[in-house]
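structure-v1.cif (mmCIF, C-alpha atoms)
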data_coords
loop_
_atom_site.label_atom_id
_atom_site.label_comp_id
_atom_site.auth_asym_id
_atom_site.auth_seq_id
_atom_site.Cartn_x
_atom_site.Cartn_y
_atom_site.Cartn_z
CA MET A 12 -75.62 63.75 -169.42
CA ALA A 13 -77.95 63.23 -172.34
CA THR A 14 -80.67 60.61 -172.16
CA PRO A 15 -80.58 58.37 -175.21
CA THR A 16 -84.01 58.07 -176.75
CA ILE A 17 -83.87 54.31 -176.79
CA LYS A 18 -87.39 52.96 -176.96
CA SER A 19 -86.51 49.49 -178.07
CA PRO A 20 -88.32 46.47 -176.64
CA ALA A 21 -84.87 45.38 -175.43
CA PHE A 22 -84.65 48.36 -173.06
CA ALA A 23 -88.07 47.52 -171.62
CA GLN A 24 -86.97 43.90 -171.21
CA PHE A 25 -83.84 44.98 -169.40
CA LEU A 26 -85.90 47.15 -167.03
CA LEU A 27 -88.31 44.30 -166.32
CA ARG A 28 -85.34 42.11 -165.43
CA MET A 29 -84.05 44.78 -163.03
CA GLY A 30 -87.47 45.29 -161.46
CA ASP A 31 -88.67 41.69 -161.26
CA ASN A 32 -85.66 40.53 -159.20
CA PRO A 33 -86.31 42.80 -156.21
CA LEU A 34 -90.07 42.32 -156.62
CA ILE A 35 -89.98 38.54 -156.37
CA LEU A 36 -87.20 38.39 -153.78
CA GLY A 37 -88.86 41.16 -151.77
CA HIS A 38 -92.07 39.15 -151.74
CA ARG A 39 -90.24 35.95 -150.82
CA ILE A 40 -88.50 37.43 -147.81
CA SER A 41 -91.66 39.21 -146.69
CA GLU A 42 -93.06 35.68 -146.20
CA TRP A 43 -90.86 35.56 -143.08
CA CYS A 44 -92.72 38.47 -141.52
CA GLY A 45 -93.95 37.23 -138.16
CA HIS A 46 -92.10 33.91 -138.51
CA ALA A 47 -88.36 34.67 -138.26
CA PRO A 48 -86.33 32.97 -135.50
CA VAL A 49 -85.95 36.16 -133.44
CA LEU A 50 -87.64 39.55 -133.50
CA GLU A 51 -84.58 41.44 -134.77
CA GLU A 52 -84.25 39.11 -137.75
CA ASP A 53 -87.94 39.44 -138.46
CA ILE A 54 -87.61 43.23 -138.56
CA ALA A 55 -84.44 43.06 -140.64
CA LEU A 56 -86.05 40.85 -143.28
CA ALA A 57 -89.17 43.02 -143.42
CA ASN A 58 -87.03 46.16 -143.81
CA THR A 59 -84.97 44.56 -146.56
CA ALA A 60 -88.18 43.51 -148.30
CA LEU A 61 -89.45 47.07 -148.03
CA ASP A 62 -86.32 48.47 -149.68
CA MET A 63 -86.65 45.93 -152.48
CA ILE A 64 -90.29 46.74 -153.15
CA GLY A 65 -89.32 50.43 -153.27
CA GLN A 66 -86.62 49.66 -155.81
CA THR A 67 -89.13 47.64 -157.80
CA ARG A 68 -91.42 50.64 -157.99
CA MET A 69 -88.64 52.71 -159.56
CA TRP A 70 -87.56 50.05 -162.08
CA LEU A 71 -91.06 48.97 -163.10
CA GLY A 72 -92.16 52.60 -163.19
CA LEU A 73 -89.47 53.28 -165.75
CA ALA A 74 -90.27 50.03 -167.59
CA ALA A 75 -93.89 51.16 -167.89
CA GLU A 76 -92.76 54.58 -169.12
CA VAL A 77 -90.47 53.05 -171.76
CA GLN A 78 -93.15 50.59 -172.91
CA GLY A 79 -95.42 53.60 -173.32
CA ASP A 80 -98.63 51.59 -173.54
CA GLY A 81 -100.40 53.27 -170.62
CA LYS A 82 -99.55 50.60 -168.05
CA SER A 83 -98.33 51.46 -164.55
CA ALA A 84 -95.74 49.82 -162.30
CA ASP A 85 -98.65 48.27 -160.39
CA ASP A 86 -100.10 46.79 -163.58
CA LEU A 87 -96.74 45.20 -164.33
CA ALA A 88 -96.39 43.79 -160.83
CA PHE A 89 -99.90 42.53 -160.30
CA LEU A 90 -101.35 41.75 -163.71
CA ARG A 91 -98.65 39.79 -165.52
CA ASP A 92 -98.64 36.01 -165.49
CA ALA A 93 -95.68 33.77 -164.67
CA TRP A 94 -94.26 33.53 -168.20
CA GLU A 95 -94.09 37.33 -168.48
CA PHE A 96 -91.77 37.65 -165.46
CA ARG A 97 -88.06 38.21 -166.09
CA ASN A 98 -86.53 37.52 -162.69
CA LEU A 99 -83.67 35.13 -162.00
CA LEU A 100 -84.77 31.64 -160.96
CA LEU A 101 -82.69 32.09 -157.79
CA VAL A 102 -85.10 34.63 -156.32
CA GLU A 103 -88.26 32.58 -156.87
CA VAL A 104 -87.17 29.33 -155.20
CA PRO A 105 -88.89 28.77 -151.84
CA ASN A 106 -87.28 30.19 -148.71
CA GLY A 107 -86.41 26.84 -147.12
CA ASP A 108 -85.01 27.33 -143.63
CA PHE A 109 -83.66 30.62 -142.31
CA GLY A 110 -80.13 29.64 -143.36
CA ARG A 111 -81.12 29.04 -146.97
CA THR A 112 -83.02 32.33 -147.05
CA LEU A 113 -79.94 34.23 -145.88
CA MET A 114 -77.60 32.31 -148.19
CA ARG A 115 -79.84 33.19 -151.15
CA GLN A 116 -79.94 36.78 -149.97
CA PHE A 117 -76.15 36.89 -149.84
CA LEU A 118 -75.71 35.28 -153.28
CA PHE A 119 -78.18 37.80 -154.70
CA ASP A 120 -76.99 40.88 -152.77
CA ALA A 121 -73.39 40.31 -153.91
CA TRP A 122 -74.48 40.29 -157.57
CA HIS A 123 -76.95 43.14 -157.04
CA ALA A 124 -74.32 45.40 -155.43
CA ILE A 125 -71.84 44.85 -158.26
CA GLN A 126 -74.49 45.26 -160.97
CA LEU A 127 -75.85 48.50 -159.47
CA GLY A 128 -72.32 49.86 -159.12
CA ARG A 129 -71.85 49.46 -162.88
CA LEU A 130 -75.30 50.84 -163.67
CA MET A 131 -74.47 54.07 -161.83
CA LYS A 132 -72.36 54.85 -164.92
CA SER A 133 -75.19 54.06 -167.34
CA ALA A 134 -75.61 56.29 -170.40
CA ASP A 135 -79.28 56.55 -169.48
CA GLU A 136 -79.49 59.02 -166.63
CA ARG A 137 -82.74 57.56 -165.29
CA VAL A 138 -81.09 54.14 -164.96
CA ALA A 139 -78.04 55.73 -163.33
CA ALA A 140 -80.23 57.61 -160.83
CA ILE A 141 -82.19 54.51 -159.77
CA ALA A 142 -78.95 52.55 -159.45
CA GLU A 143 -77.40 55.28 -157.30
CA LYS A 144 -80.41 55.29 -154.99
CA ALA A 145 -80.69 51.50 -154.76
CA SER A 146 -77.00 50.81 -154.35
CA LYS A 147 -76.86 52.56 -150.98
CA GLU A 148 -79.60 50.30 -149.66
CA VAL A 149 -78.09 47.21 -151.23
CA ALA A 150 -74.65 47.90 -149.71
CA TYR A 151 -76.40 47.70 -146.35
CA HIS A 152 -78.23 44.48 -147.30
CA LEU A 153 -74.97 42.90 -148.42
CA GLU A 154 -73.17 43.83 -145.23
CA ARG A 155 -75.85 42.14 -143.19
CA SER A 156 -76.35 39.01 -145.32
CA ALA A 157 -72.57 38.47 -145.57
CA ASP A 158 -72.20 38.84 -141.77
CA THR A 159 -75.02 36.38 -141.18
CA VAL A 160 -73.61 33.84 -143.65
CA VAL A 161 -70.25 34.02 -141.84
CA GLY A 162 -71.92 33.82 -138.42
CA LEU A 163 -73.99 30.76 -139.32
CA GLY A 164 -71.40 29.07 -141.56
CA ASP A 165 -68.69 29.39 -138.94
CA GLY A 166 -71.16 28.73 -136.15
CA THR A 167 -72.33 25.49 -134.59
CA GLU A 168 -72.08 22.08 -136.24
CA GLU A 169 -75.79 22.26 -137.01
CA SER A 170 -75.74 25.78 -138.49
CA HIS A 171 -72.62 24.96 -140.53
CA ARG A 172 -74.27 21.84 -141.98
CA ARG A 173 -77.40 23.77 -142.89
CA MET A 174 -75.45 26.59 -144.55
CA GLN A 175 -73.40 24.14 -146.61
CA GLU A 176 -76.62 22.40 -147.67
CA ALA A 177 -78.10 25.78 -148.59
CA LEU A 178 -75.06 26.67 -150.70
CA ASP A 179 -75.13 23.27 -152.44
CA TYR A 180 -78.84 23.67 -153.18
CA LEU A 181 -78.60 27.26 -154.45
CA TRP A 182 -75.33 27.09 -156.34
CA PRO A 183 -76.88 25.83 -159.63
CA TYR A 184 -79.00 29.02 -159.66
CA VAL A 185 -75.99 31.36 -159.53
CA GLY A 186 -74.82 30.91 -163.13
CA GLU A 187 -77.94 32.49 -164.62
CA MET A 188 -76.86 35.92 -163.33
CA PHE A 189 -73.97 35.96 -165.77
CA GLN A 190 -75.64 34.70 -168.93
CA SER A 191 -75.90 37.15 -171.81
CA ASP A 192 -78.35 37.31 -174.68
CA ASP A 193 -79.43 39.72 -177.44
CA VAL A 194 -81.10 42.04 -174.94
CA ASP A 195 -77.82 42.41 -173.05
CA ALA A 196 -75.87 42.92 -176.28
CA GLU A 197 -78.18 45.81 -177.18
CA MET A 198 -77.80 47.34 -173.71
CA VAL A 199 -74.01 47.09 -173.94
CA THR A 200 -73.99 48.77 -177.37
CA ALA A 201 -76.23 51.59 -176.09
CA GLY A 202 -73.98 52.04 -173.04
CA ILE A 203 -76.96 51.40 -170.75
CA ALA A 204 -75.79 48.29 -168.91
CA PRO A 205 -72.72 46.07 -168.64
CA ASP A 206 -72.43 42.61 -170.17
CA PRO A 207 -73.59 40.28 -167.34
CA ALA A 208 -70.66 37.96 -168.00
CA SER A 209 -68.26 40.81 -167.20
CA LEU A 210 -69.40 40.85 -163.56
CA ARG A 211 -68.34 37.27 -162.84
CA VAL A 212 -64.71 37.84 -161.84
CA GLU A 213 -65.59 40.47 -159.27
CA TYR A 214 -68.50 38.34 -158.02
CA ASP A 215 -66.40 35.21 -157.61
CA ALA A 216 -63.74 37.15 -155.71
CA LEU A 217 -66.31 38.63 -153.34
CA ILE A 218 -68.22 35.44 -152.56
CA SER A 219 -65.04 33.33 -152.26
CA ARG A 220 -63.73 35.71 -149.62
CA ILE A 221 -66.94 35.59 -147.57
CA LEU A 222 -67.65 31.88 -148.01
CA THR A 223 -64.07 31.01 -147.04
CA GLU A 224 -64.50 33.08 -143.90
CA ALA A 225 -67.74 31.19 -143.33
CA THR A 226 -65.77 27.89 -143.61
CA LEU A 227 -68.03 26.81 -146.46
CA THR A 228 -67.05 25.04 -149.68
CA ILE A 229 -68.18 26.36 -153.06
CA PRO A 230 -69.42 23.42 -155.19
CA GLN A 231 -67.26 22.47 -158.18
CA SER A 232 -70.11 22.12 -160.68
CA SER A 233 -70.67 24.95 -163.13
CA PHE A 234 -74.10 23.66 -164.17
CA ALA A 235 -76.63 26.49 -164.28
CA HIS A 236 -80.41 26.36 -164.34
CA LYS A 237 -81.69 29.06 -166.67
CA GLY A 238 -84.85 30.46 -168.21
CA GLY A 239 -85.96 33.01 -165.60
CA ARG A 240 -84.44 36.22 -166.94
CA THR A 241 -85.41 35.34 -170.51
CA GLY A 242 -88.85 34.11 -169.43
CA ALA A 243 -88.32 30.85 -171.37
CA MET A 244 -89.03 28.66 -168.35
CA HIS A 245 -89.63 29.56 -164.73
CA THR A 246 -89.73 27.03 -161.91
CA GLU A 247 -93.11 25.72 -160.76
CA HIS A 248 -92.69 27.88 -157.64
CA LEU A 249 -93.26 31.25 -159.35
CA GLY A 250 -96.91 30.55 -160.15
CA HIS A 251 -97.60 29.62 -156.54
CA LEU A 252 -95.91 32.80 -155.36
CA LEU A 253 -98.02 34.90 -157.74
CA THR A 254 -101.25 33.41 -156.43
CA GLN A 255 -100.37 35.02 -153.09
CA MET A 256 -98.78 38.24 -154.34
CA GLN A 257 -101.44 39.03 -156.95
CA TRP A 258 -104.46 37.68 -155.13
CA LEU A 259 -106.05 41.00 -154.26
CA GLN A 260 -105.87 42.49 -157.76
CA ARG A 261 -107.04 39.22 -159.31
CA ALA A 262 -110.00 38.87 -156.94
CA TYR A 263 -110.93 42.56 -156.90
CA PRO A 264 -109.59 44.08 -160.14
CA GLY A 265 -108.64 47.75 -159.77
CA ALA A 266 -109.04 47.76 -155.98
CA THR A 267 -107.30 50.69 -154.28
CA TRP A 268 -107.12 52.16 -150.80
CA MET B 18 -107.37 79.77 -145.78
CA ARG B 19 -105.77 83.02 -146.82
CA GLN B 20 -105.43 83.99 -150.45
CA VAL B 21 -101.90 85.06 -151.34
CA THR B 22 -101.82 88.24 -153.32
CA THR B 23 -98.07 88.58 -153.72
CA GLN B 24 -95.74 85.67 -154.21
CA PRO B 25 -94.06 84.78 -150.91
CA SER B 26 -90.27 84.63 -151.15
CA THR B 27 -88.61 81.24 -151.30
CA THR B 28 -86.92 82.07 -147.97
CA ARG B 29 -90.37 82.39 -146.44
CA ILE B 30 -91.45 79.08 -147.98
CA TRP B 31 -88.36 77.34 -146.58
CA GLU B 32 -89.42 78.66 -143.16
CA TRP B 33 -92.92 77.28 -143.63
CA LEU B 34 -91.54 73.88 -144.65
CA ASP B 35 -89.25 73.93 -141.63
CA ALA B 36 -92.41 73.89 -139.53
CA VAL B 37 -93.69 70.65 -141.14
CA PRO B 38 -92.74 67.68 -138.94
CA ASP B 39 -91.46 64.38 -140.26
CA PRO B 40 -94.42 62.00 -139.90
CA GLU B 41 -92.35 59.22 -138.31
CA ILE B 42 -89.99 61.34 -136.19
CA PRO B 43 -92.08 64.43 -135.42
CA VAL B 44 -89.36 66.20 -133.44
CA ILE B 45 -87.51 67.09 -136.64
CA SER B 46 -88.83 68.96 -139.64
CA LEU B 47 -88.75 67.92 -143.29
CA VAL B 48 -86.09 70.59 -143.82
CA ASP B 49 -84.01 69.15 -140.94
CA LEU B 50 -84.26 65.74 -142.56
CA GLY B 51 -82.68 67.16 -145.72
CA ILE B 52 -85.29 65.85 -148.10
CA ILE B 53 -86.43 69.23 -149.44
CA ARG B 54 -83.93 69.74 -152.25
CA ASP B 55 -85.26 72.89 -153.87
CA VAL B 56 -87.98 75.50 -153.67
CA ALA B 57 -88.50 77.67 -156.74
CA TRP B 58 -91.11 79.75 -158.51
CA GLU B 59 -91.70 78.79 -162.12
CA GLY B 60 -93.94 81.67 -163.16
CA GLU B 61 -97.10 81.33 -161.08
CA THR B 62 -96.26 77.78 -159.99
CA LEU B 63 -94.36 76.93 -156.85
CA VAL B 64 -92.17 73.88 -157.46
CA VAL B 65 -90.94 71.95 -154.42
CA THR B 66 -88.38 69.26 -155.12
CA VAL B 67 -88.38 66.36 -152.67
CA THR B 68 -86.06 63.36 -152.46
CA PRO B 69 -87.10 60.12 -150.75
CA THR B 70 -85.03 58.81 -147.83
CA TYR B 71 -85.38 55.09 -148.56
CA SER B 72 -87.00 53.95 -151.80
CA GLY B 73 -89.60 51.86 -149.99
CA CYS B 74 -90.25 54.20 -147.09
CA PRO B 75 -94.02 54.26 -146.52
CA ALA B 76 -93.75 57.79 -145.09
CA THR B 77 -92.93 59.22 -148.54
CA SER B 78 -96.54 59.61 -149.66
CA VAL B 79 -97.56 61.03 -146.28
CA ILE B 80 -94.70 63.55 -146.52
CA ASN B 81 -95.90 64.74 -149.93
CA MET B 82 -99.41 65.15 -148.57
CA ASP B 83 -98.14 67.07 -145.53
CA ILE B 84 -96.15 69.47 -147.73
CA GLU B 85 -99.16 70.08 -149.90
CA THR B 86 -101.45 70.66 -146.90
CA ALA B 87 -99.00 73.01 -145.19
CA LEU B 88 -98.48 75.15 -148.28
CA ARG B 89 -102.14 75.24 -149.27
CA ASP B 90 -102.98 76.38 -145.73
CA ARG B 91 -100.62 79.29 -146.35
CA GLY B 92 -102.55 80.19 -149.47
CA ILE B 93 -100.36 78.60 -152.13
CA GLU B 94 -102.78 77.39 -154.79
CA ASP B 95 -100.53 76.60 -157.70
CA LEU B 96 -98.17 73.96 -156.38
CA LYS B 97 -96.12 71.21 -158.00
CA LEU B 98 -94.20 68.52 -156.12
CA LYS B 99 -91.26 67.07 -157.96
CA THR B 100 -89.54 63.83 -156.90
CA GLN B 101 -85.81 63.74 -157.44
CA ILE B 102 -83.83 60.57 -156.72
CA SER B 103 -80.37 61.71 -157.81
CA PRO B 104 -78.21 62.74 -156.04
CA ALA B 105 -79.43 60.11 -153.60
CA TRP B 106 -80.41 61.25 -150.13
CA THR B 107 -77.67 61.01 -147.54
CA THR B 108 -77.72 61.49 -143.79
CA ASP B 109 -75.04 64.17 -144.36
CA TRP B 110 -78.00 66.40 -145.28
CA LEU B 111 -79.48 66.27 -141.78
CA SER B 112 -79.26 69.74 -140.27
CA GLU B 113 -77.26 70.41 -137.09
CA LYS B 114 -80.51 71.47 -135.45
CA GLY B 115 -82.05 68.17 -136.57
CA ARG B 116 -79.17 66.11 -135.16
CA THR B 117 -79.48 67.81 -131.77
CA LYS B 118 -83.24 67.31 -131.71
CA LEU B 119 -82.89 63.64 -132.60
CA GLU B 120 -80.53 63.09 -129.69
CA ASP B 121 -82.78 64.98 -127.27
CA TYR B 122 -85.64 62.75 -128.43
CA GLY B 123 -83.64 59.57 -127.70
CA ILE B 124 -82.45 58.73 -131.22
CA ALA B 125 -78.67 58.67 -131.66
CA PRO B 126 -77.73 60.76 -134.71
CA PRO B 127 -75.78 59.15 -137.60
CA GLN B 128 -71.98 58.96 -137.38
CA PRO B 129 -69.56 58.33 -140.24
CA ALA B 130 -67.99 55.56 -138.11
CA GLY B 131 -71.17 53.56 -138.67
CA GLY B 132 -72.45 53.41 -135.09
CA PRO B 133 -73.68 55.79 -132.39
CA GLU B 134 -71.09 57.85 -130.57
CA LYS B 135 -72.88 57.55 -127.23
CA CYS B 136 -76.12 56.52 -125.57
CA PRO B 137 -78.72 59.28 -126.16
CA HIS B 138 -80.12 58.66 -122.67
CA CYS B 139 -77.11 58.59 -120.34
CA GLY B 140 -74.26 59.62 -122.64
CA SER B 141 -72.19 56.47 -122.07
CA PRO B 142 -69.93 55.49 -124.99
CA HIS B 143 -70.42 51.78 -124.11
CA VAL B 144 -73.09 50.76 -126.59
CA THR B 145 -73.74 47.55 -128.55
CA LYS B 146 -75.66 46.82 -131.70
CA VAL B 147 -78.77 44.70 -131.32
CA SER B 148 -79.77 44.73 -134.98
CA GLN B 149 -78.73 46.54 -138.15
CA PHE B 150 -82.41 47.32 -138.71
CA GLY B 151 -84.98 48.95 -136.47
CA SER B 152 -88.46 50.38 -136.19
CA THR B 153 -88.30 52.30 -139.50
CA PRO B 154 -86.10 51.89 -142.61
CA CYS B 155 -83.85 54.75 -141.48
CA LYS B 156 -82.98 53.33 -138.06
CA ALA B 157 -80.98 50.53 -136.43
CA HIS B 158 -81.50 49.05 -132.99
CA TRP B 159 -78.82 49.53 -130.29
CA ARG B 160 -78.51 49.13 -126.53
CA CYS B 161 -76.56 50.96 -123.86
CA GLN B 162 -74.40 48.75 -121.65
CA ASN B 163 -74.30 51.36 -118.92
CA CYS B 164 -77.97 52.32 -118.36
CA LEU B 165 -79.15 49.13 -120.18
CA GLU B 166 -81.76 51.09 -122.15
CA PRO B 167 -82.41 50.16 -125.77
CA PHE B 168 -82.39 53.02 -128.27
CA ASP B 169 -82.75 53.80 -131.96
CA TYR B 170 -79.75 54.83 -134.02
CA PHE B 171 -80.28 56.85 -137.19
CA LYS B 172 -78.39 54.82 -139.84
CA CYS B 173 -75.61 56.63 -141.66
CA ILE B 174 -76.05 56.37 -145.43
#
Taking this structure as input, can you express it in the form of C-alpha cells?
Amino acid sequence: MATPTIKSPAFAQFLLRMGDNPLILGHRISEWCGHAPVLEEDIALANTALDMIGQTRMWLGLAAEVQGDGKSADDLAFLRDAWEFRNLLLVEVPNGDFGRTLMRQFLFDAWHAIQLGRLMKSADERVAAIAEKASKEVAYHLERSADTVVGLGDGTEESHRRMQEALDYLWPYVGEMFQSDDVDAEMVTAGIAPDPASLRVEYDALISRILTEATLTIPQSSFAHKGGRTGAMHTEHLGHLLTQMQWLQRAYPGATW
Amino acid sequence: MRQVTTQPSTTRIWEWLDAVPDPEIPVISLVDLGIIRDVAWEGETLVVTVTPTYSGCPATSVINMDIETALRDRGIEDLKLKTQISPAWTTDWLSEKGRTKLEDYGIAPPQPAGGPEKCPHCGSPHVTKVSQFGSTPCKAHWRCQNCLEPFDYFKCI
C-alpha cells in the first residue's frame, strides 16, 4: 500500500486528536493508581492507562514526524499549553467516583474501538499500523469497561443510582465524538480517516445494547458540549490536569533519566 | 569481546537471540515470545526487526538494550534495531517451547477460548478469573479453585 505524501496541517491536526485522547484519558485514569476501591481494579486501571500512554507515543510520534519541525512526541505531550490540545472534552472531565470513571471509560472505549477499526483501512499505512496495534488493546479495554458498567448498573440500588447519575452527567460530552469539520473533510478525501458522523449508528447500537443490559436509561437530550477536538474551548479542568502531568518538564526543562 | 571476521549466518544469530531472556518473564527467550520478526544482513549491517508486545510495555526499551548487548558481546559491531508494529504482535507467535516453559514456571499459557485451560500448579480445570489484568500488561490474574493458589494467565491477543 502506498503512503500518500500528505503533509497538510490537517493531517497533523488529525494525529494530535488521535494522540491527545489517550494521553489525557490515560493520565486521568492513572490518578486512580493507589486509590481504586480494590487492588484488582487499581491494577486494571493502571494497565489500561499504560496501554493508552503507549498508544499516545505512537500517534504523537507520527504527529511530530508529519509536522516536521524537529519536535518529539515528548515535546508535544509536555510542552503544549491547554489551548493547543485536541482531545475530546469527555476525557478531560474529572474522574468523579469510580462509577463515573468506568462509565466514561466505556463511552470512550466504545467510540475508540469503532474508530480504530475504521482506521485499520486507512490509506496511510502508518495510521493503519498504529490502529491495528491499538485496536487489540482497546478491544480488551472495552470488554472490561462494558462488563463493569453492566455489573454496577445492574447491581445494588446504590451502584445503579450512581451509574445513572454518571451517564446523565457524561452524556452531553458524547456528541462531540461525532462532529465533523474541515480537518475531517480533508481526511475523508485523502482516504485517511472516516467522517466522524459516520460512526454514530454503530456507536449507538453498541452502547444501547450494553446500557440496556445495565438497566440504565440513555438521556433524551442531544445537546453536546464541544470545543475540545477543535481546541476552540476546553473545560477549566484541562489546565489543572496539565499542571500535574507537565510539572516535571516545566520545573526542570529537558530533564531526562 | 571477540571481533567477528566472517559474517555469522542468520541461523546462528537466531540461536544467539534465543538465549536472551525476556526481562519480565526470564524463563522464556525473546524468540519464544515471538517479538523478533526478522534477522537480516544488509551489507555490513545486521538488521534485527522487533515488534512490541503492548504499546505501553515498559520492558520494550530494556528488550532493545538486551538485544544490543547480547549481539555486541558476540562481536557484532554494525547493528540496527528496527521497530515494526504491523502486523501487530499476537500470542499465536509464542513458540511451543515458550508455552511449555511458561506453564512450568507457573504462568498459564494463552488459549483461544480466552481463559486458562488448567491451573499451572495442580492441573485442575476448575479455575476462576480474579481480574482481567495482572502484574504486567501481558497477563491476567486467575485463581485455582482446587489448590486455591492464585496464578498469572498470559492473555490471548
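Here CA of Ser112 (chain B) and CA of Thr86 (chain B) stand 23.2 Å from one another.
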When the PyMOL selection byres ((chain B) within 6 of (chain A)) is applied to the file above, which residues end up in the set, as an mmCIF file with C-alpha atoms, keeping the file's coordinate frame?
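Below is the file that was written, result-v7.cif:
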data_model
loop_
_atom_site.group_PDB
_atom_site.id
_atom_site.type_symbol
_atom_site.label_atom_id
_atom_site.label_comp_id
_atom_site.auth_asym_id
_atom_site.auth_seq_id
_atom_site.Cartn_x
_atom_site.Cartn_y
_atom_site.Cartn_z
ATOM 1 C CA SER B 72 -87.000 53.950 -151.800
ATOM 2 C CA GLY B 73 -89.600 51.860 -149.990
ATOM 3 C CA SER B 103 -80.370 61.710 -157.810
ATOM 4 C CA ALA B 105 -79.430 60.110 -153.600
ATOM 5 C CA SER B 148 -79.770 44.730 -134.980
ATOM 6 C CA PHE B 150 -82.410 47.320 -138.710
ATOM 7 C CA PRO B 154 -86.100 51.890 -142.610
#
Inset, instruction - In Å, rounded to a single decimal, give me how far CA of Gly115 (chain B) is from CA of Val64 (chain B). - result: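 One can read the CA of Val64 (chain B) to CA of Gly115 (chain B) distance as 23.9 Å.
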Legend entry - Residues near Ala266 (chain A), cut-off 12 Å, all atoms listed in the file, skip fewer than 3 positions along chain, as a ChimeraX atom specification: /A:85-86,89,257-263
Create the file for the chosen residues now, containing C-alpha atoms and written as an mmCIF file, in the frame of the given file.
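Here's the written file selection02.cif:
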data_model
loop_
_atom_site.group_PDB
_atom_site.id
_atom_site.type_symbol
_atom_site.label_atom_id
_atom_site.label_comp_id
_atom_site.auth_asym_id
_atom_site.auth_seq_id
_atom_site.Cartn_x
_atom_site.Cartn_y
_atom_site.Cartn_z
ATOM 1 C CA ASP A 85 -98.650 48.270 -160.390
ATOM 2 C CA ASP A 86 -100.100 46.790 -163.580
ATOM 3 C CA PHE A 89 -99.900 42.530 -160.300
ATOM 4 C CA GLN A 257 -101.440 39.030 -156.950
ATOM 5 C CA TRP A 258 -104.460 37.680 -155.130
ATOM 6 C CA LEU A 259 -106.050 41.000 -154.260
ATOM 7 C CA GLN A 260 -105.870 42.490 -157.760
ATOM 8 C CA ARG A 261 -107.040 39.220 -159.310
ATOM 9 C CA ALA A 262 -110.000 38.870 -156.940
ATOM 10 C CA TYR A 263 -110.930 42.560 -156.900
#
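Here CA of Trp110 (chain B) and CA of Ile53 (chain B) stand 9.8 Å from one another.
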As a PDB file with C-alpha atoms, in the coordinates of the input, please: the residues near Arg116 (chain B) (cut-off 10 Å, all atoms listed in the file, same-chain neighbours under 3 positions excluded).
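The result, stored in result-v5.pdb:
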ATOM      1  CA  ILE B  45     -87.510  67.090-136.640  1.00  0.00           C
ATOM      2  CA  ASP B  49     -84.010  69.150-140.940  1.00  0.00           C
ATOM      3  CA  LEU B  50     -84.260  65.740-142.560  1.00  0.00           C
ATOM      4  CA  THR B 108     -77.720  61.490-143.790  1.00  0.00           C
ATOM      5  CA  LEU B 111     -79.480  66.270-141.780  1.00  0.00           C
ATOM      6  CA  SER B 112     -79.260  69.740-140.270  1.00  0.00           C
ATOM      7  CA  GLU B 113     -77.260  70.410-137.090  1.00  0.00           C
ATOM      8  CA  LEU B 119     -82.890  63.640-132.600  1.00  0.00           C
ATOM      9  CA  GLU B 120     -80.530  63.090-129.690  1.00  0.00           C
ATOM     10  CA  ASP B 121     -82.780  64.980-127.270  1.00  0.00           C
ATOM     11  CA  TYR B 122     -85.640  62.750-128.430  1.00  0.00           C
ATOM     12  CA  ILE B 124     -82.450  58.730-131.220  1.00  0.00           C
ATOM     13  CA  ALA B 125     -78.670  58.670-131.660  1.00  0.00           C
ATOM     14  CA  PRO B 126     -77.730  60.760-134.710  1.00  0.00           C
ATOM     15  CA  PRO B 127     -75.780  59.150-137.600  1.00  0.00           C
ATOM     16  CA  PHE B 171     -80.280  56.850-137.190  1.00  0.00           C
TER      17      PHE B 171
END
Please list as a PDB file with C-alpha atoms, in the coordinates of the input every residue within 10 Å of Gln128 (chain B), counting only C-alpha atoms and excluding residues in the same chain fewer than 2 positions away.
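For reference, out-v9.pdb as written:
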ATOM      1  CA  THR B 108     -77.720  61.490-143.790  1.00  0.00           C
ATOM      2  CA  ASP B 109     -75.040  64.170-144.360  1.00  0.00           C
ATOM      3  CA  ALA B 125     -78.670  58.670-131.660  1.00  0.00           C
ATOM      4  CA  PRO B 126     -77.730  60.760-134.710  1.00  0.00           C
ATOM      5  CA  ALA B 130     -67.990  55.560-138.110  1.00  0.00           C
ATOM      6  CA  GLY B 131     -71.170  53.560-138.670  1.00  0.00           C
ATOM      7  CA  GLY B 132     -72.450  53.410-135.090  1.00  0.00           C
ATOM      8  CA  PRO B 133     -73.680  55.790-132.390  1.00  0.00           C
ATOM      9  CA  GLU B 134     -71.090  57.850-130.570  1.00  0.00           C
ATOM     10  CA  TYR B 170     -79.750  54.830-134.020  1.00  0.00           C
ATOM     11  CA  PHE B 171     -80.280  56.850-137.190  1.00  0.00           C
ATOM     12  CA  LYS B 172     -78.390  54.820-139.840  1.00  0.00           C
ATOM     13  CA  CYS B 173     -75.610  56.630-141.660  1.00  0.00           C
ATOM     14  CA  ILE B 174     -76.050  56.370-145.430  1.00  0.00           C
TER      15      ILE B 174
END
Legend entry - Which of A:Pro105, A:Gly164, A:Thr241, A:Leu130 sits closest to Gly202 (chain A) [using all atoms listed in the file]: A:Leu130
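Shortest atom-to-atom contact with Gln149 (chain B) among A:Gln78, A:Ser83, A:Asn106, A:Ser156: A:Ser156, counting all atoms listed in the file.
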